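Working notes for the structure below.
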Amino acid sequence: MRRLIAYFLAVFLCVNLYAQGWDAALDRYERICDECIDLRARAAAGEKIASSEITSLLGQLSSLRKTLSEARGKMTASQVQRYETIRGRYEDAFGERRKTVDAVPYAVPVLSLLPKIPETDRPSPEPSLPPFREPVPLRFGAFIYTSIPDWSLGAMATISKGRWGGFLKGAFPIGTPRAAYDCFSDGTTPSGYIWTSGRKRMSRFSITAGATFAPLPFLSVYAGAGYGARKLLWEDAAGKWASVRDRAAKGLAVDAGIILTFNRFSILAGASGIAFRTLSAEVGVGLIF
């Protein structure tokens with residue numbers, strides 16, 4: 001007998017706890033309905049309603065809807081009657097009675113307030129993400145070239161990203177003999193005259209750097225400046241070499257030209273000058289990778 005009494009007491013306590021839980025949920029439901037009715041009245045009076053108020057109500061409504069839908073049919077008769085009373089008061093305030101029962105009958109149609117809210121107070125839409133763009137890779141180039149009429153050899157390296165880039169370029173004397181003395185182009189020397197064998201050599205040195213720009217995918221232009229020196233050497237009858245002083249130039253070196261690229265293969269064509277006294281055409285080939 002004692003066990004039976006204890007069992008009925010436990011059942012009664014559980015039912016009571018469930019009832020208290022539904023009372024709290026209905027309290028929240030009633031409070032949200034009252035806030036909706038109040039907002040509707042304020043909006044009808046011409047007051048601007050902040051979108052944050054609507055957002056807060058929708059958040060609470062979502063939580064309450066989940067709670068009530070998971071325990072449908074577990075409320076007591078008095079709790080069901082209280083729900084119907086709250087719902088009827090809300091629908092009367094909004095001037096409409098629902099003809100059908102929603103799948104979740106405890107939802108509050110707060111969205112009916114939105115037409116009353118001025119456009120300026122509504123939340124702005126989420127900004128769209130920019131379209132994905134593949135990163136522009138770095139490209140490197142390596143060239144060899146020759147100068148005309150100096151017939152010197154040089155090398156050039158380029159680096160670019162997108163349309164813009166830079167270059168480093170240099171020409172160095174290879175196999176040029178060392179001058180034993182100086183002379184002038186009229187054949188005079190500090191000690192008299194030079195008797196030449198008819199052989200001559202050109203010694204050219206330059207190092208420049210600058211920028212590149214690609215107006216078209218296959219075409220790049222470059223321009224830069226640096227330092228350069230150029231010497232003309234004559235061989236005398238004794239087999240010695242003399243530097244022709246008035247044909248020498250050293251100082252500012254300038255470069256400009258174009259690069260045509262076909263897949264990885266490139267052709268270089270340009271001009272270079274030293275101290276604004278000499279001008280040489282340059283042609284070369286290279287690879288882009």
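To be explicit about the labels: the chains of the structure tokens are called A, B, and onward in the order shown, and within each one the residues are counted from 1, while ligands get numbers from 1 in the order they are shown.
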Exercise for the section: Determine, counting only C-alpha atoms, which protein, DNA and RNA residues have an atom within 8 Å of an atom of range 240-246 of chain A; residues of the same chain fewer than 3 positions away are not included. Present the result as a ChimeraX atom specification. Expected result: /A:177-185,231-237
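The protein and nucleic acid residues lying at most 12 Å from Gly175 in chain A are Ser152, Leu153, Arg201, Met202, Ser203 and Arg204 of chain A, with only C-alpha atoms considered and sequence neighbours fewer than 5 positions away removed.
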Only N, CA and C atoms, please: the residues just picked out, written as a PDB file, in the first residue's frame.
ATOM      1  N   SER A 152      78.509  43.630 -78.941  1.00  0.00           N
ATOM      2  CA  SER A 152      78.757  43.137 -77.593  1.00  0.00           C
ATOM      3  C   SER A 152      77.619  42.200 -77.187  1.00  0.00           C
ATOM      4  N   LEU A 153      77.884  41.349 -76.211  1.00  0.00           N
ATOM      5  CA  LEU A 153      76.876  40.422 -75.698  1.00  0.00           C
ATOM      6  C   LEU A 153      76.386  40.886 -74.341  1.00  0.00           C
ATOM      7  N   ARG A 201      88.909  46.704 -82.050  1.00  0.00           N
ATOM      8  CA  ARG A 201      87.982  46.024 -81.129  1.00  0.00           C
ATOM      9  C   ARG A 201      87.131  47.077 -80.416  1.00  0.00           C
ATOM     10  N   MET A 202      85.929  46.634 -79.984  1.00  0.00           N
ATOM     11  CA  MET A 202      85.034  47.496 -79.220  1.00  0.00           C
ATOM     12  C   MET A 202      84.819  46.882 -77.841  1.00  0.00           C
ATOM     13  N   SER A 203      85.009  47.656 -76.820  1.00  0.00           N
ATOM     14  CA  SER A 203      84.777  47.218 -75.442  1.00  0.00           C
ATOM     15  C   SER A 203      83.592  47.998 -74.888  1.00  0.00           C
ATOM     16  N   ARG A 204      82.563  47.292 -74.497  1.00  0.00           N
ATOM     17  CA  ARG A 204      81.344  47.957 -74.012  1.00  0.00           C
ATOM     18  C   ARG A 204      80.893  47.339 -72.702  1.00  0.00           C
TER      19      ARG A 204
END
Exercise for the section: Counting only C-alpha atoms, figure out which residue out of A:Ile86, A:Ala44, A:Ala281, A:Val221 gets nearest to Ser147 in chain A. Expected result: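 Of all the options, A:Ala281 lies closest to Ser147 in chain A.
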Handout entry: Atomic distance CA of Phe172 in chain A - CA of Ala275 in chain A, expressed in Å with one decimal
Key =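 Computing the Euclidean distance for CA of Phe172 in chain A and CA of Ala275 in chain A yields 17.0 Å.
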Exercise for the section: Go through range 116-280 of chain A and collect every residue that DSSP, computed from the backbone, puts in strand (DSSP E or B); the answer should be as a PyMOL selection string. Expected result: chain A and resi 138-148+153-161+164-171+181-183+188-189+192-193+196-216+219-236+241-244+249-262+265-274+278-280
Exercise for the section: Please indicate the distance in Å from CA of Leu252 in chain A to CA of Ile207 in chain A, rounded to one decimal place. Expected result: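 Calculated distance between CA of Leu252 in chain A and CA of Ile207 in chain A is 9.9 Å.
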Practice task
Would you mind reading off the distance between CA of Arg28 in chain A and CA of Gln60 in chain A, one decimal, in Å?
Solution key: 8.8 Å
Handout entry: Pick from A:Gly165, A:Pro137, A:Gly88, A:Pro149, whichever lies nearest to Ser280 in chain A using only C-alpha atoms
Key =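 Looking at the shortest contact to Ser280 in chain A, the residue is A:Pro149.
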Practice task
Using only C-alpha atoms, pick whichever of A:Asp23, A:Met156, A:Arg163, A:Pro215 has the shortest atom-to-atom distance to Leu138 in chain A.
Solution key: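 Distance minimum relative to Leu138 in chain A lands on A:Arg163.
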Handout entry: Contacts of Gly251 in chain A within 9 Å, only C-alpha atoms, excl. fewer than 3 positions in-chain, as a list in words
Key =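 These residues fall inside the cut-off: Gly226, Tyr227, Gly228, Ala229, Ile274, Ala275 and Phe276 of chain A.
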Handout entry: Best match for closeness to Gly210 in chain A among A:Arg230, A:Lys169, A:Arg139, A:Lys250, counting only C-alpha atoms
Key =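 Checking each candidate against Gly210 in chain A, we get A:Lys169 as the closest.
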Handout entry: Nearby residues (only C-alpha atoms) at most 9 Å from Gly286 in chain A, same-chain spacing under 3 positions excluded, as a VMD selection string
Key = chain A and resid 141 to 145 156 261 264 to 268
